[in-house]
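Step one of this worksheet: look at the structure below.
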Amino acid sequence: MSHAPTAMLPAPTARNGRRLAGLLAAVAVGAASVIALPGVSRAAPVAPAHGTTFYVDAAAGHDSASGTDPHAAWRSLARVDRTTFRPGDRILLKAGGTWRGQLWPKGSGAANRPITIRSYGHGAKPRIEGGGAVDDAVRLFNQEYWEIHDLDVSNSVPATPTPGENLRDLRGIHVSGDDSRQLDHFVIDGVDVHDVTGQVNWIGGSVTGNAPGVHFKTGWDGSKKTGGIVFDTTVPDITAPPSTPTVLNDLVVENSTVTNTSFAGIVVKQYTGDGTDANGNTIATSTGWGVRTSASDARFAPHTDVTIRNNYLTQAGTAYGCDAVYLTDVRGAVVDHNVVDRAGTSGIETYYSDDVVIQHNEVYRTQQKAGGADSNGIDADKATTGVVIQYNFVHDNGDGILLCQFSFGNVVVRYNILSGNTRYPLYLHSDKAASAVVHNNTVHNRTSKHLVYGYGSSLASHYDLRDNAFFSSVADASLTTSPTIGYDHNFYGGAALPVPATDTHPLTGDPEFVDPAVSGPYGTAADGPQLNTALGFAPRRGSPLIDNGTATPDNGGDDYRGARLYQGVPDIGAVEYR
């Protein structure tokens with residue numbers, strides 16, 4: 001896929017400094033140059049010094065050949081898989097070729113000398129088809145310093161007359177390990193992963209909801225680890241795990257498409273030791289690496305330095321595709337400039353994580369699927385700290401942004417535009433030990449009876465909502481109030497939208513948006529996130545949103561469209577008038 005140039009630049013922030021600096025550099029040279037069109041191979045770069053280049057040709061190669069010349073190429077994946085490669089080596093698969101089975105080359109690269117997989121020649125991206133005969137179509141295990149470029153990967157079992165009967169423990173690309181060390185540097189770039197019929201396993205719930213291919217109450221280790229691209233870790237023996245975890249560091253998924261994969265599109269997950277037998281009895285010895293009992297939990301062993309950017313993810317063609325991005329057990333992550341369309345449960349979810357920035361994404365048309373209860377665009381979920389959700393266009397989902405920080409957590413939600421979300425545009429659902437600052441967002445509602453919703457014990461958490469622009473064309477739409485929800489300096493407009501009594505500085509009336517009848521264009525694989533579409537919700541000259549806000553010291557530096565803050569006196573909502 002390729003992106004048209006955009007004026008929406010990533011905002012500077014103290015978090016994730018090194019990776020965000022890289023993002024700024026990448027955007028500065030033009031987003032249109034970043035992503036390749038699906039099915040079109042890009043020219044391979046010059047080989048790293050001291051490495052060997054190996055060629056694989058599915059049609060004209062011979063496994064008895066040297067493999068080191070295009071005219072003496074290998075033929076099969078088996079020949080590649082039994083080779084141990086060295087730092088700086090390149091494995092080039094001929095464009096237009098198709099291989100069935102598993103690609104699992106052995107060996108590891110080194111710092112600044114990764115082993116690279118990519119294509120050569122002209123034509124469609126090389127196809128790796130698992131066909132449901134292997135758990136992972138592309139696999140790396142206890143390896144490091146690998147870069148995978150420009151492949152077409154699938155792993156599907158044909159459907160039967162019984163829906164879900166064809167779902168298995170399957171993945172497209174799987175990076176894992178169990179050798180109790182840090183495994184560094186994995187780049188997945190320009191790949192198209194599609195049609196992975198992975199089973200859907202939920203952490204909790206009731207087994208009475210089980211159906212073919214869908215299982216509830218499978219625990220942490222047994223759940224949510226199938227799909228398109230999966231990074232996870234395990235142990236050699238679940239009954240006697242080692243004392244040191246395996247941790248993945250420096251993970252990048254970029255410029256890729258992930259289409260119709262279940263359970264998820266992209267998963268990052270750590271092992272924790274809660275496995276059970278067929279009767280539900282725990283047989284694993286707990287390590288605690290993958291769960292987080294407090295913000296300072298010493299046993300928590302997250303994966304580090306994760307970047308997911310410039311990707312297109314959709315689950316439109318599968319009833320079993322749930323989270324598009326399921327980012328768990330991480331510390332230090334950026335999810336940037338992605339399009340997520342018609343996922344199930346959650347478009348982008350973070351869980352048991354710390355220091356995560358979710359920005360410049362377009363997430364839309366998330367639905368309930370495969371027994372999942374949710375349908376949100378973005379979710380800061382259980383035991384997440386230091387989460388920043390900013391500059392996103394979240395529209396036409398069930399719920400817009402869900403704050404579901406069970407146990408504990410803290411999150412900042414700023415300069416996002418939410419529109420057309422049908423159930424709860426802003427859903428407050430956290431536990432008492434969590435807190436949220438929600439400022440300078442624009443929430444436009446045309447279907448829901450609620451703009452801000454929370455209930456029960458979720459209202460014991462503390463929420464600070466200020467300088468947001470709330471507008472509803474639905475009569476009698478409500479905003480949940482509670483002593484723990486602080487409203488201040490917000491704008492309330494539309495059809496009799498009630499003003500919370502606790503907001504002592506409210507503004508009401510017509511927000512005078514530029515063009516609130518927003519109907520597209522929306523993000524695609526070819527064009528990337530269409531963030532400028534949401535600028536129909538920017539204030540026009542004379543709007544009461546202009547110059548009536550309050551200054552926030554730690555505001556991220558930019559507004560929704562990338563303008564520096566502030567343009568004079570602060571404005572209300574996601575877009576500063578200029």
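In the structure tokens, each chain is lettered A, B, ... as it comes, each chain's residues begin at 1, and ligands are numbered from 1 in order of appearance.
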Find the spatial neighbours of Asn361 in chain A, counting only C-alpha atoms, within a cut-off of 7 Å - ignore same-chain residues fewer than 3 positions away - and output them as a list of chain:residue names.
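The residues satisfying every condition are A:Asp336, A:His337, A:Asn338, A:Val339, A:Asn392, A:Phe393, A:Pro529.
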Residues from last step as file, all heavy atoms, as a PDB file, in the first residue's frame:
```pdb
ATOM      1  N   ASP A 336       1.267   4.004  15.268  1.00  0.00           N
ATOM      2  CA  ASP A 336       1.243   5.285  14.586  1.00  0.00           C
ATOM      3  C   ASP A 336       0.846   5.148  13.118  1.00  0.00           C
ATOM      4  O   ASP A 336       1.366   4.287  12.393  1.00  0.00           O
ATOM      5  CB  ASP A 336       2.643   5.916  14.675  1.00  0.00           C
ATOM      6  CG  ASP A 336       2.691   7.299  14.077  1.00  0.00           C
ATOM      7  OD1 ASP A 336       2.392   8.265  14.799  1.00  0.00           O
ATOM      8  OD2 ASP A 336       3.050   7.422  12.884  1.00  0.00           O
ATOM      9  N   HIS A 337      -0.076   6.014  12.673  1.00  0.00           N
ATOM     10  CA  HIS A 337      -0.450   6.121  11.258  1.00  0.00           C
ATOM     11  C   HIS A 337      -0.926   4.791  10.662  1.00  0.00           C
ATOM     12  O   HIS A 337      -0.547   4.428   9.540  1.00  0.00           O
ATOM     13  CB  HIS A 337       0.710   6.684  10.435  1.00  0.00           C
ATOM     14  CG  HIS A 337       0.737   8.183  10.410  1.00  0.00           C
ATOM     15  ND1 HIS A 337       1.541   8.902  11.260  1.00  0.00           N
ATOM     16  CD2 HIS A 337       0.061   9.096   9.667  1.00  0.00           C
ATOM     17  CE1 HIS A 337       1.370  10.206  11.029  1.00  0.00           C
ATOM     18  NE2 HIS A 337       0.464  10.344  10.073  1.00  0.00           N
ATOM     19  N   ASN A 338      -1.736   4.069  11.388  1.00  0.00           N
ATOM     20  CA  ASN A 338      -2.345   2.852  10.866  1.00  0.00           C
ATOM     21  C   ASN A 338      -3.808   3.095  10.527  1.00  0.00           C
ATOM     22  O   ASN A 338      -4.460   3.973  11.095  1.00  0.00           O
ATOM     23  CB  ASN A 338      -2.255   1.722  11.901  1.00  0.00           C
ATOM     24  CG  ASN A 338      -0.829   1.436  12.299  1.00  0.00           C
ATOM     25  OD1 ASN A 338      -0.080   0.796  11.572  1.00  0.00           O
ATOM     26  ND2 ASN A 338      -0.426   1.920  13.479  1.00  0.00           N
ATOM     27  N   VAL A 339      -4.334   2.288   9.611  1.00  0.00           N
ATOM     28  CA  VAL A 339      -5.765   2.229   9.351  1.00  0.00           C
ATOM     29  C   VAL A 339      -6.278   0.892   9.862  1.00  0.00           C
ATOM     30  O   VAL A 339      -5.710  -0.159   9.542  1.00  0.00           O
ATOM     31  CB  VAL A 339      -6.081   2.338   7.846  1.00  0.00           C
ATOM     32  CG1 VAL A 339      -7.586   2.182   7.609  1.00  0.00           C
ATOM     33  CG2 VAL A 339      -5.591   3.659   7.280  1.00  0.00           C
ATOM     34  N   ASN A 392      -6.003  10.813  16.953  1.00  0.00           N
ATOM     35  CA  ASN A 392      -6.643   9.730  16.214  1.00  0.00           C
ATOM     36  C   ASN A 392      -8.022  10.160  15.714  1.00  0.00           C
ATOM     37  O   ASN A 392      -8.710  10.962  16.354  1.00  0.00           O
ATOM     38  CB  ASN A 392      -6.798   8.498  17.110  1.00  0.00           C
ATOM     39  CG  ASN A 392      -5.463   7.997  17.622  1.00  0.00           C
ATOM     40  OD1 ASN A 392      -4.691   7.394  16.892  1.00  0.00           O
ATOM     41  ND2 ASN A 392      -5.170   8.268  18.899  1.00  0.00           N
ATOM     42  N   PHE A 393      -8.434   9.582  14.585  1.00  0.00           N
ATOM     43  CA  PHE A 393      -9.782   9.750  14.038  1.00  0.00           C
ATOM     44  C   PHE A 393     -10.507   8.430  14.273  1.00  0.00           C
ATOM     45  O   PHE A 393     -10.216   7.424  13.623  1.00  0.00           O
ATOM     46  CB  PHE A 393      -9.695  10.095  12.556  1.00  0.00           C
ATOM     47  CG  PHE A 393     -11.020  10.344  11.873  1.00  0.00           C
ATOM     48  CD1 PHE A 393     -12.165  10.726  12.583  1.00  0.00           C
ATOM     49  CD2 PHE A 393     -11.118  10.214  10.490  1.00  0.00           C
ATOM     50  CE1 PHE A 393     -13.372  10.957  11.934  1.00  0.00           C
ATOM     51  CE2 PHE A 393     -12.323  10.452   9.834  1.00  0.00           C
ATOM     52  CZ  PHE A 393     -13.449  10.826  10.555  1.00  0.00           C
ATOM     53  N   PRO A 529      -4.380   6.425   6.500  1.00  0.00           N
ATOM     54  CA  PRO A 529      -5.409   7.095   7.300  1.00  0.00           C
ATOM     55  C   PRO A 529      -5.764   8.460   6.721  1.00  0.00           C
ATOM     56  O   PRO A 529      -4.894   9.272   6.421  1.00  0.00           O
ATOM     57  CB  PRO A 529      -4.745   7.218   8.684  1.00  0.00           C
ATOM     58  CG  PRO A 529      -3.278   7.136   8.424  1.00  0.00           C
ATOM     59  CD  PRO A 529      -3.116   6.251   7.232  1.00  0.00           C
TER      60      PRO A 529
END
```
For range 54-70 of chain A, list every protein, DNA or RNA residue within 7 Å, evaluated using only C-alpha atoms, and leave out those in the same chain fewer than 6 positions away; present the list as a list in words.
Ser76, Arg79, Arg90, Ile91, Leu92, Leu93, Lys94, Gly97, Thr98 and Trp99 of chain A
With distances taken over only C-alpha atoms, the candidate from A:Ser407, A:His215, A:Val253, A:Val387 nearest Val291 in chain A is A:Ser407
Mind checking which residues fall within 8 Å of Gly454 in chain A, counting only C-alpha atoms, ignoring those fewer than 6 positions away in the same chain, and posting them as a short mmCIF file (atom, residue, chain, number, x, y, z; two decimals) with C-alpha atoms, in the first residue's frame?
```cif
data_model
loop_
_atom_site.label_atom_id
_atom_site.label_comp_id
_atom_site.auth_asym_id
_atom_site.auth_seq_id
_atom_site.Cartn_x
_atom_site.Cartn_y
_atom_site.Cartn_z
CA TYR A 427 -16.78 4.81 27.63
CA LEU A 428 -15.48 5.15 31.23
CA HIS A 429 -15.05 1.68 32.66
CA THR A 480 -22.70 10.37 32.90
#
```
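Counting only C-alpha atoms and comparing A:Asp192, A:Asp323, A:Asp547, A:Asp354, the residue that lies closest to Ile173 in chain A is A:Asp192.
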Compile the contact shell of Tyr492 in chain A as JSON, numbers by chain: residues with an atom at most 9 Å away, counting only C-alpha atoms, same-chain residues fewer than 2 positions apart removed.
{"A": [468, 469, 470, 471, 472, 490, 494, 496, 497, 498, 499, 506, 507, 508, 509, 510, 511]}
Could you pull the residues within 6 Å of Glu147 in chain A, counting only C-alpha atoms, minus those fewer than 5 positions along the same chain, as a list in words?
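Once the nearby chain positions are removed, what remains is Thr116, Phe186, Val187 and Ile188 of chain A.
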Apply DSSP to the backbone of this structure and, from range 206-428 of chain A, keep only the residues in strand (DSSP E or B); write these as number ranges by chain.
A: 211, 214-215, 227-231, 247-254, 257-262, 264-268, 276, 282, 303-309, 312-314, 325-328, 330-336, 339-341, 344-351, 354-359, 362-364, 367, 375-380, 384-390, 393-395, 399-403, 409-414, 417-419, 426-428
Option closest in space to His303 in chain A, from A:Gly222, A:Gly290, A:Gly123, A:Gly107 [counting only C-alpha atoms]:
A:Gly290
Close residues, Thr234 in chain A itself excluded, 7 Å, only C-alpha atoms, min 6 positions apart in chain, as a short mmCIF file (atom, residue, chain, number, x, y, z; two decimals) with all heavy atoms, in the first residue's frame:
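Output file result.cif is given in full below:
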```cif
data_model
loop_
_atom_site.label_atom_id
_atom_site.label_comp_id
_atom_site.auth_asym_id
_atom_site.auth_seq_id
_atom_site.Cartn_x
_atom_site.Cartn_y
_atom_site.Cartn_z
N GLY A 177 10.26 -17.54 21.29
CA GLY A 177 11.47 -18.09 21.87
C GLY A 177 11.23 -18.57 23.29
O GLY A 177 10.20 -18.24 23.90
N ASP A 178 12.18 -19.35 23.80
CA ASP A 178 12.05 -19.88 25.16
C ASP A 178 13.39 -20.06 25.85
O ASP A 178 13.50 -20.84 26.80
CB ASP A 178 11.29 -21.22 25.13
CG ASP A 178 12.08 -22.34 24.46
OD1 ASP A 178 13.19 -22.09 23.93
OD2 ASP A 178 11.58 -23.50 24.47
N TYR A 271 4.64 -14.77 28.08
CA TYR A 271 4.22 -15.97 28.82
C TYR A 271 4.08 -15.65 30.31
O TYR A 271 4.85 -14.87 30.86
CB TYR A 271 5.25 -17.07 28.61
CG TYR A 271 4.96 -18.35 29.36
CD1 TYR A 271 4.10 -19.31 28.83
CD2 TYR A 271 5.55 -18.60 30.60
CE1 TYR A 271 3.83 -20.48 29.52
CE2 TYR A 271 5.29 -19.77 31.29
CZ TYR A 271 4.42 -20.71 30.75
OH TYR A 271 4.16 -21.87 31.43
#
```
Neighbouring residues of Arg171 in chain A were defined as those with any atom within 12 Å, considering only C-alpha atoms; residues of the same chain fewer than 2 positions away were excluded. Please report them as a VMD selection string.
chain A and resid 102 129 to 139 153 to 157 167 to 169 173 to 176 193 to 200 224 to 232 258 260 to 267
In Å, how far is it from CA of Ala324 in chain A to CA of Gly347 in chain A?
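Answer for the CA of Ala324 in chain A to CA of Gly347 in chain A separation: 5.1 Å.
For the set A:Phe408, A:Ala319, A:Ser223, A:Thr218, the residue with the smallest atom-to-atom gap to Thr293 in chain A is A:Phe408, counting only C-alpha atoms.
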What is the distance, in Å and to one decimal place, between CA of Pro114 in chain A and CA of Asn255 in chain A?
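Going from CA of Pro114 in chain A over to CA of Asn255 in chain A covers 18.9 Å.
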